[in-house]
Amino acid sequence: METRLVSPSSSSPPSSSSSASIPSFSPVQRSLNLHKNPIFLKPQNLSFTKPNRRTTPYAAQNMSSSDASATTDGPLKKEVKLWGGRFEESVTDAVENFTESISFDKVLYKHDIMGSRAHASMLAHQGLISEKDRDSILRGLDEVERQIEAGEFVWRTDREDVHMNIEAALTDIVGEPAKKLHTARSRNDQVSTDFRLWCRDNIDIIVACIRRLQVSLLKLAMRNEGLIVPGYTHLQRAQPVLLQHLLLAYVEQFERDVGRLLDCKVRMNFCPLGACALAGTGLPIDRFMTSEALGFTAPLRNSIDAVSDRDFVLEFLSANSIMATHLSRLGEEWVLWASEEFGFLIPSDSVSTGSSIMPQKKNPDPMELVRGKSARVIGDLVSLLVLCKGLPHAYNRDLQEDKEPVFDSVKTIIGMLEVSTEFAQNITFNQQKIQKALPAGHLDATTLADYLVKKGVPFRTSHDIVGRAVAMCVSINCQLQDLSIGELQNISPAFDEDVYEFLGVENAVKKFSSYGSTGSDCVASQLDYWTAKLDINRET
């Protein structure tokens, strides 16, 4: 299902009253409505034209942005930077190409336009621009957004970033009113606002992907009711567990991932707009108005903090990294279980690949890549931690480098979640192979020790007794349930005929009764909880 992140429609401008309304952005509009993954935008025009370096002083050029409007028919003239008033010559091509960020930050266009709509409306409300100028700006922003959505917009590297591209294009469209939009705003607070909006929306997308994976795991558990598998510690056989119990363990872990993301979203949801470069402004703006319009909880209290800290993306990437480790562990387990040595899991052809040289091979490659791509997500977090660790207050250009690790982390984690969901929907468990494997490892040994505890034997003593019983089984190549009552009583007189109710994996599983255990009643209770929480019909 394609999803889209929809910004509010501004097809009709706000009413020209003194209390002009600021566009409102509901969570529903923000969450899953623009793109399945907003990183994957439709192809956009991006100009990397390298015009000749201009030596005439910028001030003498007096060139408007419309004089250098972008076309696809011929070379683009390098235009005066919007910040270039005090500069007498342009930057070199090498510097321009090295410092541009439009090649990746153009994905923020929708959020940049959202922020500009709210900012323009607030400026008009506060009397800093006229209502007529506000309406022109809003109509122009609508046209810019339309061009971008239609793939008609030319992204120019000489306009550096998404903010300058949109502002310059807006000036081309509406002229002088566009030059008033940057009143009481800096790219420093603008980019932080855009980035928070983008991250906030993508948290919603990731949470929706986690929910789909949880539902797939829950349905997989429901299809395998009563199936007992070996449980492992140290990758050695330990105790019998219900497969449902094991699958629900991952559902629980992903639920904590959801919690971390939603907690991160709460702390992220404060508005930097109006903090300007670092010190705020002496103009009579209303930061609470723009904050409310953009769906933030409140403006950030400290203007320096607002523009300089990226802890909200560090927390976001940390949550993604923890989730990636959960996905990697799921991938590792399923890759092992799909091997001939285990043979517990059979992936369908639709989620498997073959070998270019060995015709018999059927590889669970998607889950191997899930395991492998977790390294990228963790690496993105480490990159950002190193980027931020030594920065002085307030804004530094280093922070331009925060976007690509975040974009990559989000793109990768969404891909990992989606393919894990596909895999879960296209696997079966080899019950015959699992059943044959269950007797090995004396999985009922701990249950036998619990039996002796119930007979009044101290646990450490019962542990020793059962250890000797296992040693006997190893010496004569049999299972605990194969030992006669006489053989057991020769080890300890505490054994009685009722001991056989505790032996064998089926009996062992039945004896688990503590809250959260793998006992049938406990697992049934867990299934009831998750089917209700995830709104699953157990009959389907």
# chains A, B, ... in the order shown; residues from 1 in each chain; ligands from 1

call {"tool": "residues_around", "arguments": {"residues": "Ala319 in chain A", "least_positions_apart": "5", "cutoff": "7 Å", "atoms": "only C-alpha atoms", "output": "ChimeraX atom specification"}}
result
/A:257,260-261

call {"tool": "write_last_selection", "arguments": {"atoms": "N, CA, C and O atoms", "output": "JSON list (two decimals), in the first residue's frame"}}
result
[["chain", "number", "residue", "atom", "x", "y", "z"],
["A", 257, "ASP", "N", 10.80, -1.19, 21.12],
["A", 257, "ASP", "CA", 11.31, -0.29, 20.07],
["A", 257, "ASP", "C", 10.28, 0.78, 19.74],
["A", 257, "ASP", "O", 10.63, 1.95, 19.55],
["A", 260, "ARG", "N", 10.41, 3.34, 22.52],
["A", 260, "ARG", "CA", 11.56, 4.25, 22.44],
["A", 260, "ARG", "C", 11.33, 5.32, 21.38],
["A", 260, "ARG", "O", 11.66, 6.50, 21.58],
["A", 261, "LEU", "N", 10.79, 4.92, 20.24],
["A", 261, "LEU", "CA", 10.54, 5.89, 19.18],
["A", 261, "LEU", "C", 9.50, 6.92, 19.60],
["A", 261, "LEU", "O", 9.65, 8.12, 19.33]]

call {"tool": "residues_around", "arguments": {"residues": "Val174 in chain A", "least_positions_apart": "6", "cutoff": "8 Å", "atoms": "only C-alpha atoms", "output": "PDB file with all heavy atoms, in the first residue's frame"}}
result
ATOM      1  N   SER A 136       0.232  36.431  -1.062  1.00  0.00           N
ATOM      2  CA  SER A 136       1.107  36.188  -2.224  1.00  0.00           C
ATOM      3  C   SER A 136       2.123  35.092  -1.909  1.00  0.00           C
ATOM      4  O   SER A 136       2.385  34.215  -2.740  1.00  0.00           O
ATOM      5  CB  SER A 136       1.839  37.481  -2.606  1.00  0.00           C
ATOM      6  OG  SER A 136       0.942  38.472  -3.053  1.00  0.00           O
ATOM      7  N   ILE A 137       2.698  35.165  -0.716  1.00  0.00           N
ATOM      8  CA  ILE A 137       3.689  34.145  -0.316  1.00  0.00           C
ATOM      9  C   ILE A 137       3.047  32.764  -0.280  1.00  0.00           C
ATOM     10  O   ILE A 137       3.613  31.786  -0.798  1.00  0.00           O
ATOM     11  CB  ILE A 137       4.300  34.507   1.054  1.00  0.00           C
ATOM     12  CG1 ILE A 137       5.202  35.737   0.916  1.00  0.00           C
ATOM     13  CG2 ILE A 137       5.078  33.326   1.625  1.00  0.00           C
ATOM     14  CD1 ILE A 137       5.635  36.327   2.244  1.00  0.00           C
ATOM     15  N   GLY A 140       2.424  31.529  -3.722  1.00  0.00           N
ATOM     16  CA  GLY A 140       3.697  31.160  -4.332  1.00  0.00           C
ATOM     17  C   GLY A 140       4.235  29.847  -3.809  1.00  0.00           C
ATOM     18  O   GLY A 140       4.758  29.025  -4.567  1.00  0.00           O
TER      19      GLY A 140
END

call {"tool": "atom_distance", "arguments": {"atom1": "CA of Phe104 in chain A", "atom2": "CA of Ala375 in chain A"}}
result
21.7 Å

call {"tool": "residues_around", "arguments": {"residues": "Asp365 in chain A", "least_positions_apart": "6", "cutoff": "8 Å", "atoms": "only C-alpha atoms", "output": "ChimeraX atom specification"}}
result
/A:351-353

call {"tool": "write_last_selection", "arguments": {"atoms": "C-alpha atoms", "output": "PDB file, in the first residue's frame"}}
result
ATOM      1  CA  VAL A 351      11.752 -14.978  -0.206  1.00  0.00           C
ATOM      2  CA  SER A 352      14.774 -17.098  -1.181  1.00  0.00           C
ATOM      3  CA  THR A 353      17.621 -16.832  -3.658  1.00  0.00           C
TER       4      THR A 353
END

call {"tool": "closest_atom_pairs", "arguments": {"of": "range 299-345 of chain A", "to": "range 425-438 of chain A", "cutoff": "7 Å", "atoms": "only C-alpha atoms", "output": "JSON lines"}}
result
{"residue": "A:Gly343", "atom": "CA", "partner": "A:Lys433", "partner_atom": "CA", "distance": 6.6}
{"residue": "A:Phe344", "atom": "CA", "partner": "A:Asn430", "partner_atom": "CA", "distance": 5.1}
{"residue": "A:Leu345", "atom": "CA", "partner": "A:Phe429", "partner_atom": "CA", "distance": 4.6}

call {"tool": "write_last_selection", "arguments": {"atoms": "N, CA, C and O atoms", "output": "CSV table (one decimal), in the first residue's frame"}}
result
chain,number,residue,atom,x,y,z
A,343,GLY,N,17.3,-27.3,10.0
A,343,GLY,CA,16.2,-27.7,9.2
A,343,GLY,C,14.8,-27.4,9.8
A,343,GLY,O,13.8,-28.0,9.4
A,344,PHE,N,14.8,-26.5,10.7
A,344,PHE,CA,13.5,-26.2,11.4
A,344,PHE,C,12.6,-25.3,10.6
A,344,PHE,O,11.4,-25.3,10.8
A,345,LEU,N,13.2,-24.5,9.7
A,345,LEU,CA,12.4,-23.4,9.0
A,345,LEU,C,12.6,-23.6,7.5
A,345,LEU,O,13.7,-23.9,7.0

call {"tool": "decode", "arguments": {"residues": "range 462-478 of chain A", "atoms": "all heavy atoms", "output": "PDB file, in the first residue's frame"}}
result
ATOM      1  N   SER A 462      19.075 -31.334  44.382  1.00  0.00           N
ATOM      2  CA  SER A 462      18.319 -31.887  43.248  1.00  0.00           C
ATOM      3  C   SER A 462      19.080 -31.681  41.942  1.00  0.00           C
ATOM      4  O   SER A 462      19.051 -32.547  41.047  1.00  0.00           O
ATOM      5  CB  SER A 462      16.929 -31.250  43.172  1.00  0.00           C
ATOM      6  OG  SER A 462      17.012 -29.875  42.856  1.00  0.00           O
ATOM      7  N   HIS A 463      19.766 -30.543  41.823  1.00  0.00           N
ATOM      8  CA  HIS A 463      20.579 -30.275  40.641  1.00  0.00           C
ATOM      9  C   HIS A 463      21.647 -31.359  40.485  1.00  0.00           C
ATOM     10  O   HIS A 463      21.875 -31.879  39.377  1.00  0.00           O
ATOM     11  CB  HIS A 463      21.227 -28.895  40.778  1.00  0.00           C
ATOM     12  CG  HIS A 463      21.978 -28.416  39.578  1.00  0.00           C
ATOM     13  ND1 HIS A 463      23.201 -28.919  39.217  1.00  0.00           N
ATOM     14  CD2 HIS A 463      21.675 -27.466  38.644  1.00  0.00           C
ATOM     15  CE1 HIS A 463      23.631 -28.311  38.134  1.00  0.00           C
ATOM     16  NE2 HIS A 463      22.724 -27.407  37.757  1.00  0.00           N
ATOM     17  N   ASP A 464      22.292 -31.739  41.580  1.00  0.00           N
ATOM     18  CA  ASP A 464      23.328 -32.766  41.544  1.00  0.00           C
ATOM     19  C   ASP A 464      22.742 -34.136  41.194  1.00  0.00           C
ATOM     20  O   ASP A 464      23.314 -34.888  40.401  1.00  0.00           O
ATOM     21  CB  ASP A 464      24.031 -32.830  42.898  1.00  0.00           C
ATOM     22  CG  ASP A 464      25.125 -33.875  42.928  1.00  0.00           C
ATOM     23  OD1 ASP A 464      26.141 -33.677  42.238  1.00  0.00           O
ATOM     24  OD2 ASP A 464      24.944 -34.903  43.624  1.00  0.00           O
ATOM     25  N   ILE A 465      21.559 -34.424  41.768  1.00  0.00           N
ATOM     26  CA  ILE A 465      20.915 -35.720  41.508  1.00  0.00           C
ATOM     27  C   ILE A 465      20.567 -35.855  40.033  1.00  0.00           C
ATOM     28  O   ILE A 465      20.842 -36.891  39.394  1.00  0.00           O
ATOM     29  CB  ILE A 465      19.660 -35.867  42.387  1.00  0.00           C
ATOM     30  CG1 ILE A 465      20.057 -36.002  43.859  1.00  0.00           C
ATOM     31  CG2 ILE A 465      18.815 -37.066  41.940  1.00  0.00           C
ATOM     32  CD1 ILE A 465      18.872 -35.897  44.823  1.00  0.00           C
ATOM     33  N   VAL A 466      19.953 -34.809  39.480  1.00  0.00           N
ATOM     34  CA  VAL A 466      19.556 -34.871  38.076  1.00  0.00           C
ATOM     35  C   VAL A 466      20.795 -34.923  37.184  1.00  0.00           C
ATOM     36  O   VAL A 466      20.799 -35.602  36.146  1.00  0.00           O
ATOM     37  CB  VAL A 466      18.656 -33.677  37.708  1.00  0.00           C
ATOM     38  CG1 VAL A 466      18.362 -33.657  36.211  1.00  0.00           C
ATOM     39  CG2 VAL A 466      17.346 -33.742  38.496  1.00  0.00           C
ATOM     40  N   GLY A 467      21.862 -34.244  37.575  1.00  0.00           N
ATOM     41  CA  GLY A 467      23.096 -34.321  36.807  1.00  0.00           C
ATOM     42  C   GLY A 467      23.607 -35.745  36.705  1.00  0.00           C
ATOM     43  O   GLY A 467      24.066 -36.178  35.638  1.00  0.00           O
ATOM     44  N   ARG A 468      23.502 -36.488  37.823  1.00  0.00           N
ATOM     45  CA  ARG A 468      23.929 -37.887  37.792  1.00  0.00           C
ATOM     46  C   ARG A 468      22.993 -38.737  36.950  1.00  0.00           C
ATOM     47  O   ARG A 468      23.433 -39.677  36.268  1.00  0.00           O
ATOM     48  CB  ARG A 468      24.013 -38.435  39.222  1.00  0.00           C
ATOM     49  CG  ARG A 468      25.254 -37.919  39.973  1.00  0.00           C
ATOM     50  CD  ARG A 468      25.429 -38.562  41.320  1.00  0.00           C
ATOM     51  NE  ARG A 468      24.585 -37.938  42.332  1.00  0.00           N
ATOM     52  CZ  ARG A 468      23.836 -38.587  43.206  1.00  0.00           C
ATOM     53  NH1 ARG A 468      23.820 -39.899  43.197  1.00  0.00           N
ATOM     54  NH2 ARG A 468      23.112 -37.930  44.098  1.00  0.00           N
ATOM     55  N   ALA A 469      21.713 -38.380  36.946  1.00  0.00           N
ATOM     56  CA  ALA A 469      20.756 -39.111  36.098  1.00  0.00           C
ATOM     57  C   ALA A 469      21.057 -38.875  34.619  1.00  0.00           C
ATOM     58  O   ALA A 469      21.008 -39.808  33.797  1.00  0.00           O
ATOM     59  CB  ALA A 469      19.332 -38.670  36.425  1.00  0.00           C
ATOM     60  N   VAL A 470      21.394 -37.624  34.269  1.00  0.00           N
ATOM     61  CA  VAL A 470      21.753 -37.327  32.884  1.00  0.00           C
ATOM     62  C   VAL A 470      23.025 -38.085  32.498  1.00  0.00           C
ATOM     63  O   VAL A 470      23.130 -38.630  31.391  1.00  0.00           O
ATOM     64  CB  VAL A 470      21.942 -35.809  32.691  1.00  0.00           C
ATOM     65  CG1 VAL A 470      22.578 -35.511  31.339  1.00  0.00           C
ATOM     66  CG2 VAL A 470      20.615 -35.078  32.820  1.00  0.00           C
ATOM     67  N   ALA A 471      24.002 -38.145  33.406  1.00  0.00           N
ATOM     68  CA  ALA A 471      25.241 -38.880  33.121  1.00  0.00           C
ATOM     69  C   ALA A 471      24.952 -40.350  32.836  1.00  0.00           C
ATOM     70  O   ALA A 471      25.563 -40.950  31.941  1.00  0.00           O
ATOM     71  CB  ALA A 471      26.213 -38.737  34.287  1.00  0.00           C
ATOM     72  N   MET A 472      24.006 -40.910  33.585  1.00  0.00           N
ATOM     73  CA  MET A 472      23.638 -42.308  33.335  1.00  0.00           C
ATOM     74  C   MET A 472      23.033 -42.455  31.946  1.00  0.00           C
ATOM     75  O   MET A 472      23.350 -43.409  31.212  1.00  0.00           O
ATOM     76  CB  MET A 472      22.641 -42.783  34.393  1.00  0.00           C
ATOM     77  CG  MET A 472      22.148 -44.207  34.167  1.00  0.00           C
ATOM     78  SD  MET A 472      20.942 -44.745  35.401  1.00  0.00           S
ATOM     79  CE  MET A 472      22.013 -44.942  36.825  1.00  0.00           C
ATOM     80  N   CYS A 473      22.148 -41.501  31.573  1.00  0.00           N
ATOM     81  CA  CYS A 473      21.522 -41.555  30.245  1.00  0.00           C
ATOM     82  C   CYS A 473      22.572 -41.474  29.144  1.00  0.00           C
ATOM     83  O   CYS A 473      22.494 -42.185  28.136  1.00  0.00           O
ATOM     84  CB  CYS A 473      20.516 -40.426  30.091  1.00  0.00           C
ATOM     85  SG  CYS A 473      19.017 -40.612  31.076  1.00  0.00           S
ATOM     86  N   VAL A 474      23.560 -40.617  29.339  1.00  0.00           N
ATOM     87  CA  VAL A 474      24.614 -40.480  28.336  1.00  0.00           C
ATOM     88  C   VAL A 474      25.389 -41.782  28.200  1.00  0.00           C
ATOM     89  O   VAL A 474      25.729 -42.216  27.100  1.00  0.00           O
ATOM     90  CB  VAL A 474      25.558 -39.325  28.710  1.00  0.00           C
ATOM     91  CG1 VAL A 474      26.786 -39.309  27.805  1.00  0.00           C
ATOM     92  CG2 VAL A 474      24.824 -37.985  28.633  1.00  0.00           C
ATOM     93  N   SER A 475      25.636 -42.458  29.330  1.00  0.00           N
ATOM     94  CA  SER A 475      26.437 -43.691  29.303  1.00  0.00           C
ATOM     95  C   SER A 475      25.712 -44.841  28.632  1.00  0.00           C
ATOM     96  O   SER A 475      26.350 -45.705  28.019  1.00  0.00           O
ATOM     97  CB  SER A 475      26.841 -44.086  30.728  1.00  0.00           C
ATOM     98  OG  SER A 475      25.698 -44.467  31.484  1.00  0.00           O
ATOM     99  N   ILE A 476      24.379 -44.858  28.764  1.00  0.00           N
ATOM    100  CA  ILE A 476      23.630 -45.981  28.163  1.00  0.00           C
ATOM    101  C   ILE A 476      22.815 -45.529  26.946  1.00  0.00           C
ATOM    102  O   ILE A 476      22.013 -46.308  26.413  1.00  0.00           O
ATOM    103  CB  ILE A 476      22.713 -46.652  29.208  1.00  0.00           C
ATOM    104  CG1 ILE A 476      21.666 -45.664  29.734  1.00  0.00           C
ATOM    105  CG2 ILE A 476      23.540 -47.241  30.340  1.00  0.00           C
ATOM    106  CD1 ILE A 476      20.674 -46.314  30.731  1.00  0.00           C
ATOM    107  N   ASN A 477      23.016 -44.252  26.532  1.00  0.00           N
ATOM    108  CA  ASN A 477      22.387 -43.723  25.319  1.00  0.00           C
ATOM    109  C   ASN A 477      20.868 -43.813  25.351  1.00  0.00           C
ATOM    110  O   ASN A 477      20.237 -44.470  24.523  1.00  0.00           O
ATOM    111  CB  ASN A 477      22.923 -44.455  24.079  1.00  0.00           C
ATOM    112  CG  ASN A 477      22.536 -43.724  22.790  1.00  0.00           C
ATOM    113  OD1 ASN A 477      22.311 -42.518  22.800  1.00  0.00           O
ATOM    114  ND2 ASN A 477      22.454 -44.475  21.703  1.00  0.00           N
ATOM    115  N   CYS A 478      20.289 -43.133  26.336  1.00  0.00           N
ATOM    116  CA  CYS A 478      18.832 -43.095  26.422  1.00  0.00           C
ATOM    117  C   CYS A 478      18.393 -41.732  26.933  1.00  0.00           C
ATOM    118  O   CYS A 478      19.232 -40.871  27.242  1.00  0.00           O
ATOM    119  CB  CYS A 478      18.299 -44.202  27.334  1.00  0.00           C
ATOM    120  SG  CYS A 478      18.641 -43.937  29.093  1.00  0.00           S
TER     121      CYS A 478
END
